[in-house]
Each structure stands twice: as structure tokens, then as C-alpha cells.
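Taking it in order: structure first as C-alpha cells, then the write-up.
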Amino acid sequence: MIEVKHLTKQYGDKLAVNDISFTVEDGEILGLLGPNGAGKSTTMNMLTGYISSTSGQALINGIDILEDPIKAKAQIGYLPELPPLYLDMTVMGYLNFVYDLKKCKLPRRSHLKDVCNLCRISDVSGRVIKHLSKGYRQRVGLAQALINNPPILILDEPTVGLDPKQIIEIRTLVKKLGKKHTVILSSHILSEVQEVCDRVVIINHGQIAANDTIDNLSKAVSGVNRLVVRISGPKNEVLQAIRAIDDVTKVRADMEREPKIFEFEIEAKPNADIRPALNQMVKEHGWDIYKMDLGVMTLEDAFLKITMGEGVKLSSEKSSAPAAEKSAAPAAETTAPEEPAAAPAEAEKAEEDAPGGLGRARAAHGRAGPAPAPAGEPHGHKAQADPDEERQARERRQAAPEPEAAAAQPVDIAAAEQGDAAAGERGLSLSVCPYPFQQDNHL
């Protein structure tokens with residue numbers, strides 16, 4: 001039995017788990033669900049003693065995980081999201097190591113053989129773990145959790161990386177283990193949780209958003225008592241007969257699914273079970289029922305509604321925060337364009353303080369206002385390089401010796417620096433090189 005009482009975990013200002021409480025009974029399989037970052041793994045790590053809680057208690061068969069961690073951990077078999085494997089060991093060597101680590105008292109050879117058979121890894125027991133596929137590594141991780149036959153199993157994503165056949169096998173194994181063990185199963189595959197788990201706890205934003213059986217959870221979220229049936233008989237007559245049943249509030253006739261067999265969606269009053277009356281009505285008219293399903297929401301639908309806030313009352317602070325951000329956004333957009341009005345004054349001050357034209361060019365670069373125009377040119381006129389100077393520089397580069405003549409390099413660099421200073425005097429931006437690089441013909 002696992003008891004969680006007001007468990008809280010805080011990392012600095014971040015509240016990862018916020019005062020959660022729940023209980024898992026003996027022989028129960030509990031599904032722990034939640035979106036990424038909700039606090040699932042943090043909760044499981046606190047339950048296993050991997051990390052300590054800021055406040056609250058986690059009791060494993062009545063033993064506080066922080067007060068007596070060795071005794072409490074002896075009750076737990078844990079499979080984390082990333083299996084704790086030593087990749088250079090063989091499968092059987094690793095399982096023997098875990099056997100010794102857990103101080104297991106069961107017969108070594110027969111116990112390890114049973115565990116290998118349960119997890120379907122007997123055929124790879126002699127192989128090195130790093131040579132195994134991801135699915136086989138996952139099964140080896142599950143095998144180490146089963147060693148010493150612990151009464152409590154905590155499994156974090158046990159079917160990750162498995163093929164469909166292996167997923168079915170692990171699902172069957174978890175169901176079998178749930179008859180004699182207490183199991184907490186975390187998974188993002190909601191159909192798997194729906195088939196395996198007796199009850200689910202949904203964590204959202206570090207708090208418990210739901211804690212119930214899947215059927216009750218689906219009914220509570222949907223808020224509708226719905227039944228879907230297929231009945232053979234005249235469509236309109238069947239429709240009128242269903243409407244005459246007590247506690248029926250709404251009936252909708254669907255299409256003809258099979259020859260002369262129609263599907264009907266029936267809504268009844270909350271907590272009313274109309275199935276006996278429906279069966280009696282069909283029998284009296286000589287019709288037949290070919291299908292009858294409770295039209296409840298799937299776990300996936302309920303999960304999305306709860307975690308996304310659809311049909312679930314959220315706290316006023318959380319619901320008002322996005323609205324406040326949206327209302328603040330247009331104001332920021334309307335005030336932002338007024339800011340560059342002060343840029344020309346700042347550019348003029350920078351022009352006075354900066355030494356020479358180089359300082360003026362750097363002050364003007366990156367500001368909202370235009371660069372100051374050189375004397376003798378109209379404001380806003382963009383200085384252009386002299387075409388004759390560019391042509392002469394191109395001719396000099398073509399006539400220059402090959403790059404291996406190292407003595408020629410300082411002359412070119414000095415000329416480039418002079419060109420850089422001249423460009424700065426003309427107010428050119430230095431974010432773009434004012435002279436092209438010399439091409440290396442040897443590359």
C-alpha cells in the first residue's frame with residue numbers, strides 16, 4: 001500500500017509538485033497521467049526515495065521513505081524512464097549483480113530464470129547489453145525491477161521502444177502482476193492505461209486534477225448518461241418506442257449500419273440505468289439488439305478536457321493571466337513606434353562625443369535615426385564610393401603578385417586601413433567591409 005500525504009517539491013522559485021495526496025491499495029494498478037512537465041516523474045522519484053520532498057510524506061507499506069529509506073526501498077521495484085543498465089555487462093551478469101545488490105534471499109538460479117521467462121529475455125541472457133535493441137533493453141530494465149519479488153512496482157513508461165507484440169506481452173504481464181502487487185504505471189499511451197489500470201490520477205501543473213476510476217472520470221467530465229444501441233426494426237417505430245421509456249431525455253436515430261439495422265444514440269437522466277427497460281421493450285416488439293455500448297468518453301477525451309481546461313473550473317489567477325498578457329500586448333504595440341523619436345538627438349550627442357568620423361559612423365550604426373550627412377551634401381543623401389577609386393583598386397589587385405609573397409601583405413593592409421578611415425569620414429556603416437577581400441587562387 002502506498003500513501004501520499006501533502007507531498008510538495010520545490011526547486012527554488014519553481015513549485016514542481018504542490019501538496020498532492022492519494023492512496024494506492026494492495027493489488028491495485030494505478031495509472032499516473034499528466035502532460036510533460038506536470039510533475040509525474042518528480043512524484044515517482046519522491047516515492048522511490050530518489051529525491052527528497054520539500055514537505056509532506058510518502059509511506060511505503062507504512063514506512064516513511066525518508067525516515068527509513070533502506071527498509072522502504074526494499075519494498076519497491078522501480079523501472080525509471082531510462083533503464084539503469086550497465087551496457088558492458090551481459091544480461092545475466094547484470095541480473096546477478098542486481099540480485100546481490102538487493103540482497104535477495106530467493107534461490108538464485110530458479111528466481112533469475114523465472115524473471116527472464118516473464119520478461120521474455122531468456123534468448124538474449126548471454127548477450128552484452130549494449131548490443132541489444134532498445135526494446136530488449138527496456139525488458140531487461142523491467143526484469144531488474146522484478147528481482148526479489150517486491151510487493152510494490154513503480155513503472156515509468158515501461159513500453160517505450162517496444163513493438164506492438166511486445167507491448168501486448170508487457171500489458172498482459174502488468175495485469176498479471178497487479179493481482180499480487182501494488183503497481184503505479186506512468187504512460188503517455190492512454191489506450192494502454194485504459195486497458196490495464198483500475199484507477200487513474202491525473203497531475204496537471206503540479207496538482208492533482210482528477211483521481212477516480214476511468215468510467216467515473218469519463219462520466220463526470222462528459223456530464224451525460226449516454227447509450228448507443230443497434231436495433232433491427234422499422235426506424236420510426238423503434239424511435240417512438242425508445243422515447244416512451246422512462247428516464248429517456250433524448251433520442252437520435254443514426255444511419256442504417258446494416259440491412260434493416262439502425263443505430264440509436266440515447267441520452268438518459270443522470271444515474272439512470274435504462275438498459276433493463278430497453279431490453280424489455282425490444283423483446284415485446286419482437287425486435288433484436290445487435291449492439292449496446294455505454295457512450296462514455298474515452299480516457300483520451302477526458303484527459304484532454306481536464307489538462308486543457310475544457311469543462312473544468314480553473315483558478316482565477318491561472319485563467320486571468322493569459323487574458324492580462326493579451327490585453328497588455330496591444331498597448332505595447334501602440335507605444336513602441338513612438339520610441340525612435342528621441343534617436344536623432346541621441347545620434348547628435350554621440351556625434352559630438354565620439355572622436356572623428358569613425359565615432360560618428362559607429363554612433364549612427366544601429367540607431368533608428370538616419371546617419372548625419374557629410375558637409376556639402378543634402379540631409380538624407382547616402383554617400384557612394386567613387387567608381388574610379390574602385391576601378392583602380394581592382395586593377396591593383398589584379399596586378400599584385402601571388403599570395404606567397406608575404407612582403408606585399410602589409411602594404412595591402414595599410415591601404416585597406418586608409419580606405420576604412422576614408423569610408424568612416426564619408427559616414428559609411430562599418431558593419432559591411434568597405435573593400436573586398438583578395439581572392440586566394442591557391443585554394
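Following the order of the C-alpha cells, chains are lettered A, B, ..., residues in each are numbered from 1, and ligands are numbered from 1.
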>> Quick one: residues within 12 Å of Arg108 (chain A), only C-alpha atoms, excluding same-chain residues fewer than 4 positions away - as a PyMOL selection string?
In response: chain A and resi 92+95-100+102-104+112-115+147-148
>> So that I can see what lies close to region 180-193 of chain A, please list as a PyMOL selection string the residues with an atom at most 10 Å from it, counting only C-alpha atoms and leaving out residues fewer than 4 positions away in the same chain.
In response: chain A and resi 1-2+24-36+40-41+44+76-81+149-160+167-168+171+174-176+197-201+214+298-301+303
Since we have the selection now, will you write its residues out, keeping C-alpha atoms, as a PDB file, in the first residue's frame?
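This went into selection.pdb:
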ATOM      1  CA  MET A   1       0.000   0.000   0.000  1.00  0.00           C
ATOM      2  CA  ILE A   2       1.234   3.474  -0.898  1.00  0.00           C
ATOM      3  CA  VAL A  24      -2.871   3.100  -3.800  1.00  0.00           C
ATOM      4  CA  GLU A  25      -4.375  -0.030  -2.245  1.00  0.00           C
ATOM      5  CA  ASP A  26      -2.853  -3.511  -2.285  1.00  0.00           C
ATOM      6  CA  GLY A  27      -3.457  -5.334  -5.556  1.00  0.00           C
ATOM      7  CA  GLU A  28      -4.441  -2.120  -7.368  1.00  0.00           C
ATOM      8  CA  ILE A  29      -2.974  -0.823 -10.630  1.00  0.00           C
ATOM      9  CA  LEU A  30      -2.896   2.966 -10.636  1.00  0.00           C
ATOM     10  CA  GLY A  31      -2.253   4.998 -13.776  1.00  0.00           C
ATOM     11  CA  LEU A  32      -0.312   8.209 -13.143  1.00  0.00           C
ATOM     12  CA  LEU A  33      -1.010  10.592 -16.015  1.00  0.00           C
ATOM     13  CA  GLY A  34      -0.217  14.165 -16.936  1.00  0.00           C
ATOM     14  CA  PRO A  35       1.273  16.317 -19.698  1.00  0.00           C
ATOM     15  CA  ASN A  36       5.012  16.878 -19.984  1.00  0.00           C
ATOM     16  CA  LYS A  40       4.737  12.898 -12.780  1.00  0.00           C
ATOM     17  CA  SER A  41       8.400  11.893 -12.795  1.00  0.00           C
ATOM     18  CA  MET A  44       7.660   8.959  -8.794  1.00  0.00           C
ATOM     19  CA  ILE A  76       9.880  -1.303  -4.237  1.00  0.00           C
ATOM     20  CA  GLY A  77      10.769  -2.460  -7.721  1.00  0.00           C
ATOM     21  CA  TYR A  78      11.438   0.614  -9.854  1.00  0.00           C
ATOM     22  CA  LEU A  79      11.748   0.980 -13.612  1.00  0.00           C
ATOM     23  CA  PRO A  80      12.659   4.599 -14.444  1.00  0.00           C
ATOM     24  CA  GLU A  81      12.087   6.139 -17.850  1.00  0.00           C
ATOM     25  CA  ASN A 149       9.640 -10.120  -5.981  1.00  0.00           C
ATOM     26  CA  PRO A 150       8.896  -6.700  -4.420  1.00  0.00           C
ATOM     27  CA  PRO A 151       5.301  -6.052  -3.283  1.00  0.00           C
ATOM     28  CA  ILE A 152       5.243  -2.613  -4.937  1.00  0.00           C
ATOM     29  CA  LEU A 153       6.153  -1.863  -8.560  1.00  0.00           C
ATOM     30  CA  ILE A 154       6.623   1.655  -9.921  1.00  0.00           C
ATOM     31  CA  LEU A 155       6.935   1.644 -13.706  1.00  0.00           C
ATOM     32  CA  ASP A 156       7.704   4.804 -15.666  1.00  0.00           C
ATOM     33  CA  GLU A 157       6.896   4.332 -19.382  1.00  0.00           C
ATOM     34  CA  PRO A 158       7.504   0.535 -19.366  1.00  0.00           C
ATOM     35  CA  THR A 159       6.543   0.019 -23.032  1.00  0.00           C
ATOM     36  CA  VAL A 160       8.721   2.720 -24.624  1.00  0.00           C
ATOM     37  CA  ILE A 167       3.565  -4.063 -25.832  1.00  0.00           C
ATOM     38  CA  ILE A 168       0.744  -6.615 -25.608  1.00  0.00           C
ATOM     39  CA  ARG A 171       0.492  -5.198 -20.832  1.00  0.00           C
ATOM     40  CA  VAL A 174       1.433  -5.901 -15.752  1.00  0.00           C
ATOM     41  CA  LYS A 175      -2.158  -7.146 -15.412  1.00  0.00           C
ATOM     42  CA  LYS A 176      -0.855 -10.434 -14.028  1.00  0.00           C
ATOM     43  CA  CYS A 197      -5.310   0.364 -14.832  1.00  0.00           C
ATOM     44  CA  ASP A 198      -8.080   0.178 -12.242  1.00  0.00           C
ATOM     45  CA  ARG A 199      -7.867   3.870 -11.409  1.00  0.00           C
ATOM     46  CA  VAL A 200      -6.073   6.970 -12.695  1.00  0.00           C
ATOM     47  CA  VAL A 201      -4.581  10.041 -11.065  1.00  0.00           C
ATOM     48  CA  ILE A 214     -11.851   5.594 -15.736  1.00  0.00           C
ATOM     49  CA  THR A 298     -12.610   7.712 -23.799  1.00  0.00           C
ATOM     50  CA  LEU A 299      -9.763   8.316 -21.371  1.00  0.00           C
ATOM     51  CA  GLU A 300      -8.036  10.348 -24.065  1.00  0.00           C
ATOM     52  CA  ASP A 301     -11.037  12.695 -24.383  1.00  0.00           C
ATOM     53  CA  PHE A 303      -7.538  13.683 -20.286  1.00  0.00           C
TER      54      PHE A 303
END
> Quick one: DSSP strand (DSSP E) residues in region 1-191 of chain A, as a ChimeraX atom specification?
Replying inline: /A:2-11,14-24,29-33,55-60,63-64,76-79,152-156,182-186
Prev. selection, N, CA and C atoms, output as a compact mmCIF listing (two decimals), in the first residue's frame:
# COMPACT_ATOMS: atom_id res chain seq x y z
N ILE A 2 0.49 2.22 -0.81
CA ILE A 2 1.23 3.47 -0.90
C ILE A 2 0.32 4.61 -0.43
N GLU A 3 0.84 5.42 0.47
CA GLU A 3 0.10 6.58 0.94
C GLU A 3 0.93 7.84 0.68
N VAL A 4 0.34 8.78 -0.02
CA VAL A 4 0.98 10.06 -0.30
C VAL A 4 0.19 11.13 0.43
N LYS A 5 0.88 11.87 1.32
CA LYS A 5 0.20 12.86 2.15
C LYS A 5 0.85 14.23 1.98
N HIS A 6 0.13 15.13 1.33
CA HIS A 6 0.54 16.54 1.19
C HIS A 6 1.98 16.67 0.67
N LEU A 7 2.30 15.88 -0.34
CA LEU A 7 3.66 15.85 -0.87
C LEU A 7 3.92 17.11 -1.71
N THR A 8 5.05 17.76 -1.43
CA THR A 8 5.41 19.01 -2.12
C THR A 8 6.90 18.96 -2.46
N LYS A 9 7.23 19.44 -3.66
CA LYS A 9 8.63 19.55 -4.07
C LYS A 9 8.83 20.89 -4.75
N GLN A 10 9.82 21.64 -4.25
CA GLN A 10 10.09 22.97 -4.77
C GLN A 10 11.56 23.06 -5.16
N TYR A 11 11.81 23.59 -6.38
CA TYR A 11 13.16 23.86 -6.85
C TYR A 11 13.32 25.39 -6.93
N LYS A 14 10.49 27.51 -8.38
CA LYS A 14 9.65 26.61 -9.16
C LYS A 14 9.00 25.57 -8.26
N LEU A 15 7.67 25.54 -8.25
CA LEU A 15 6.92 24.55 -7.47
C LEU A 15 6.56 23.41 -8.40
N ALA A 16 7.35 22.33 -8.35
CA ALA A 16 7.15 21.21 -9.27
C ALA A 16 5.95 20.35 -8.86
N VAL A 17 5.80 20.08 -7.58
CA VAL A 17 4.68 19.29 -7.06
C VAL A 17 4.09 20.08 -5.89
N ASN A 18 2.79 20.28 -5.92
CA ASN A 18 2.15 21.20 -4.98
C ASN A 18 1.08 20.49 -4.15
N ASP A 19 1.47 19.98 -2.97
CA ASP A 19 0.52 19.48 -1.97
C ASP A 19 -0.44 18.43 -2.53
N ILE A 20 0.13 17.30 -3.01
CA ILE A 20 -0.71 16.24 -3.57
C ILE A 20 -0.88 15.12 -2.55
N SER A 21 -2.03 14.48 -2.57
CA SER A 21 -2.33 13.37 -1.67
C SER A 21 -3.16 12.33 -2.42
N PHE A 22 -2.79 11.06 -2.30
CA PHE A 22 -3.58 9.96 -2.85
C PHE A 22 -3.10 8.66 -2.22
N THR A 23 -3.88 7.60 -2.40
CA THR A 23 -3.57 6.29 -1.83
C THR A 23 -3.71 5.22 -2.91
N VAL A 24 -2.80 4.25 -2.90
CA VAL A 24 -2.87 3.10 -3.80
C VAL A 24 -3.00 1.86 -2.94
N ILE A 29 -3.84 -1.40 -9.60
CA ILE A 29 -2.97 -0.82 -10.63
C ILE A 29 -3.43 0.62 -10.86
N LEU A 30 -2.57 1.55 -10.53
CA LEU A 30 -2.90 2.97 -10.64
C LEU A 30 -2.15 3.57 -11.82
N GLY A 31 -2.88 4.28 -12.67
CA GLY A 31 -2.25 5.00 -13.78
C GLY A 31 -1.97 6.43 -13.36
N LEU A 32 -0.71 6.84 -13.46
CA LEU A 32 -0.31 8.21 -13.14
C LEU A 32 -0.12 8.96 -14.46
N LEU A 33 -1.00 9.91 -14.72
CA LEU A 33 -1.01 10.59 -16.02
C LEU A 33 -0.78 12.08 -15.83
N SER A 55 8.25 18.97 1.55
CA SER A 55 7.37 18.74 2.69
C SER A 55 6.42 17.61 2.35
N GLY A 56 5.71 17.11 3.34
CA GLY A 56 4.79 16.00 3.12
C GLY A 56 5.43 14.66 3.39
N GLN A 57 4.65 13.59 3.18
CA GLN A 57 5.09 12.23 3.47
C GLN A 57 4.76 11.30 2.32
N ALA A 58 5.64 10.30 2.12
CA ALA A 58 5.38 9.19 1.21
C ALA A 58 5.61 7.91 2.00
N LEU A 59 4.53 7.16 2.24
CA LEU A 59 4.61 5.95 3.05
C LEU A 59 4.51 4.72 2.16
N ILE A 60 5.49 3.84 2.28
CA ILE A 60 5.53 2.59 1.52
C ILE A 60 5.26 1.45 2.49
N ILE A 63 5.91 2.61 5.87
CA ILE A 63 7.28 3.05 6.18
C ILE A 63 7.54 4.37 5.46
N ASP A 64 7.97 5.38 6.18
CA ASP A 64 8.29 6.67 5.59
C ASP A 64 9.56 6.54 4.77
N ILE A 76 10.19 -1.91 -2.94
CA ILE A 76 9.88 -1.30 -4.24
C ILE A 76 10.72 -1.91 -5.35
N GLY A 77 10.08 -2.18 -6.47
CA GLY A 77 10.77 -2.46 -7.72
C GLY A 77 10.51 -1.29 -8.66
N TYR A 78 11.58 -0.64 -9.12
CA TYR A 78 11.44 0.61 -9.85
C TYR A 78 12.05 0.51 -11.25
N LEU A 79 11.25 0.86 -12.24
CA LEU A 79 11.75 0.98 -13.61
C LEU A 79 11.63 2.44 -14.02
N ILE A 152 5.66 -3.84 -4.27
CA ILE A 152 5.24 -2.61 -4.94
C ILE A 152 6.10 -2.40 -6.18
N LEU A 153 5.46 -2.13 -7.30
CA LEU A 153 6.15 -1.86 -8.56
C LEU A 153 5.79 -0.46 -9.04
N ILE A 154 6.81 0.31 -9.37
CA ILE A 154 6.62 1.65 -9.92
C ILE A 154 7.29 1.66 -11.30
N LEU A 155 6.47 1.79 -12.32
CA LEU A 155 6.93 1.64 -13.71
C LEU A 155 6.70 2.94 -14.47
N ASP A 156 7.78 3.55 -14.92
CA ASP A 156 7.70 4.80 -15.67
C ASP A 156 7.92 4.50 -17.15
N THR A 182 1.14 -4.14 -5.78
CA THR A 182 0.62 -2.78 -5.96
C THR A 182 1.45 -2.13 -7.05
N VAL A 183 0.79 -1.62 -8.09
CA VAL A 183 1.50 -1.13 -9.26
C VAL A 183 1.11 0.32 -9.54
N ILE A 184 2.12 1.17 -9.75
CA ILE A 184 1.91 2.52 -10.28
C ILE A 184 2.52 2.55 -11.67
N LEU A 185 1.70 2.88 -12.64
CA LEU A 185 2.13 2.85 -14.04
C LEU A 185 1.98 4.25 -14.63
N SER A 186 3.06 4.77 -15.16
CA SER A 186 3.01 6.06 -15.85
C SER A 186 3.22 5.81 -17.33
>> as a VMD selection string, please: every residue in region 30-187 of chain A that a backbone DSSP assignment puts in helix (DSSP H, G or I).
In response: chain A and resid 40 to 47 69 to 73 91 to 101 108 to 119 122 to 124 129 to 131 134 to 146 164 to 177
>> Quick check, in Å to one decimal: how far apart do CA of Tyr86 (chain A) and CA of Asn117 (chain A) lie?
In response: 20.7 Å
> So how many Å separate CA of Ile274 (chain A) and CA of Asp293 (chain A), to one decimal?
Replying inline: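 Taking CA of Ile274 (chain A) as the start and CA of Asp293 (chain A) as the end point, the length is 12.3 Å.
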> Excluding same-chain residues fewer than 5 positions from Thr172 (chain A), what lies within 10 Å of it counting only C-alpha atoms, as a VMD selection string?
Replying inline: chain A and resid 166 to 167 177 to 178 195 to 196
